[in-house]
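First the structure, in the form of structure tokens, and then the observations on it.
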Amino acid sequence: MVASVLGFMIIAGIVYTARSRENNYNGEYTESDKLFLRMAILMADESVDHDNEPFAAIIVKDGEILATTTSTISQDNDPTAHAEINAIHQACKELGTCDLSGCVLYASCEPCQMCMLACESANIERVFYGSSRSDASKFDPCHRNMPAIQLLRDEARHTFSYWEEKSNIKE
């Protein structure tokens with residue numbers, strides 16, 4: 001898969017040292033944004049060729065590709081192994097930090113709520129995607145209402161005080 005993506009990048013003329021991005025998104029996108037998204041779409045197609053799910057993600061910082069991944073839910077028997085989550089793991093390892101400020105994620109399909117929250121938690125600057133959630137809705141088993149019930153709040157809350165004391169966390 002990497003060889004195909006690299007071949008695509010050479011054909012498309014992607015330069016790894018693309019310009020730095022500003023922190024505020026103004027609704028514009030560049031040709032590089034479209035090329036990185038096309039790479040993710042190509043990777044999703046290749047994932048299907050290998051009997052995997054049709055989802056792929058790429059994380060880029062300052063024009064440099066940090067992560068190229070696909071969904072590995074079936075092969076890993078892990079319902080959280082979405083392409084975006086896998087890409088975040090890979091980019092964090094590459095940078096040696098869980099702070100992906102300044103990074104952009106390109107996903108072949110609109111990220112689910114779990115993946116968007118992970119992007120926010122990792123401080124990803126913005127997300128570009130191809131297909132919408134509604135395009136993938138007939139393949140998505142995650143449309144159910146599971147109850148979440150809070151119990152033992154007072155017993156559980158002490159952990160935060162303990163962590164604050166132990167870590168010298170200041171407000």
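Numbering starts fresh at 1 for the residues of each chain in the structure tokens, the chains themselves are lettered A, B, ... in the order given, and ligands are numbered from 1 as they appear.
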Which residues of segment 17-115 of chain A come within 6 Å of segment 125-135 of chain A, and what is each one's closest atom pair and distance in Å (one decimal), counting only C-alpha atoms, sorted by chain and residue number, as JSON lines?
{"residue": "A:Gly102", "atom": "CA", "partner": "A:Glu125", "partner_atom": "CA", "distance": 5.4}
{"residue": "A:Cys103", "atom": "CA", "partner": "A:Glu125", "partner_atom": "CA", "distance": 5.5}
{"residue": "A:Val104", "atom": "CA", "partner": "A:Arg126", "partner_atom": "CA", "distance": 5.2}
{"residue": "A:Leu105", "atom": "CA", "partner": "A:Val127", "partner_atom": "CA", "distance": 4.8}
{"residue": "A:Tyr106", "atom": "CA", "partner": "A:Phe128", "partner_atom": "CA", "distance": 4.9}
{"residue": "A:Ala107", "atom": "CA", "partner": "A:Tyr129", "partner_atom": "CA", "distance": 4.6}
{"residue": "A:Ser108", "atom": "CA", "partner": "A:Gly130", "partner_atom": "CA", "distance": 4.9}
{"residue": "A:Cys109", "atom": "CA", "partner": "A:Ser131", "partner_atom": "CA", "distance": 4.3}
{"residue": "A:Glu110", "atom": "CA", "partner": "A:Ser132", "partner_atom": "CA", "distance": 4.9}
Would you return as a count of residues only the members of segment 33-126 of chain A that DSSP assigns to alpha helix (DSSP H) on this structure's backbone?
43
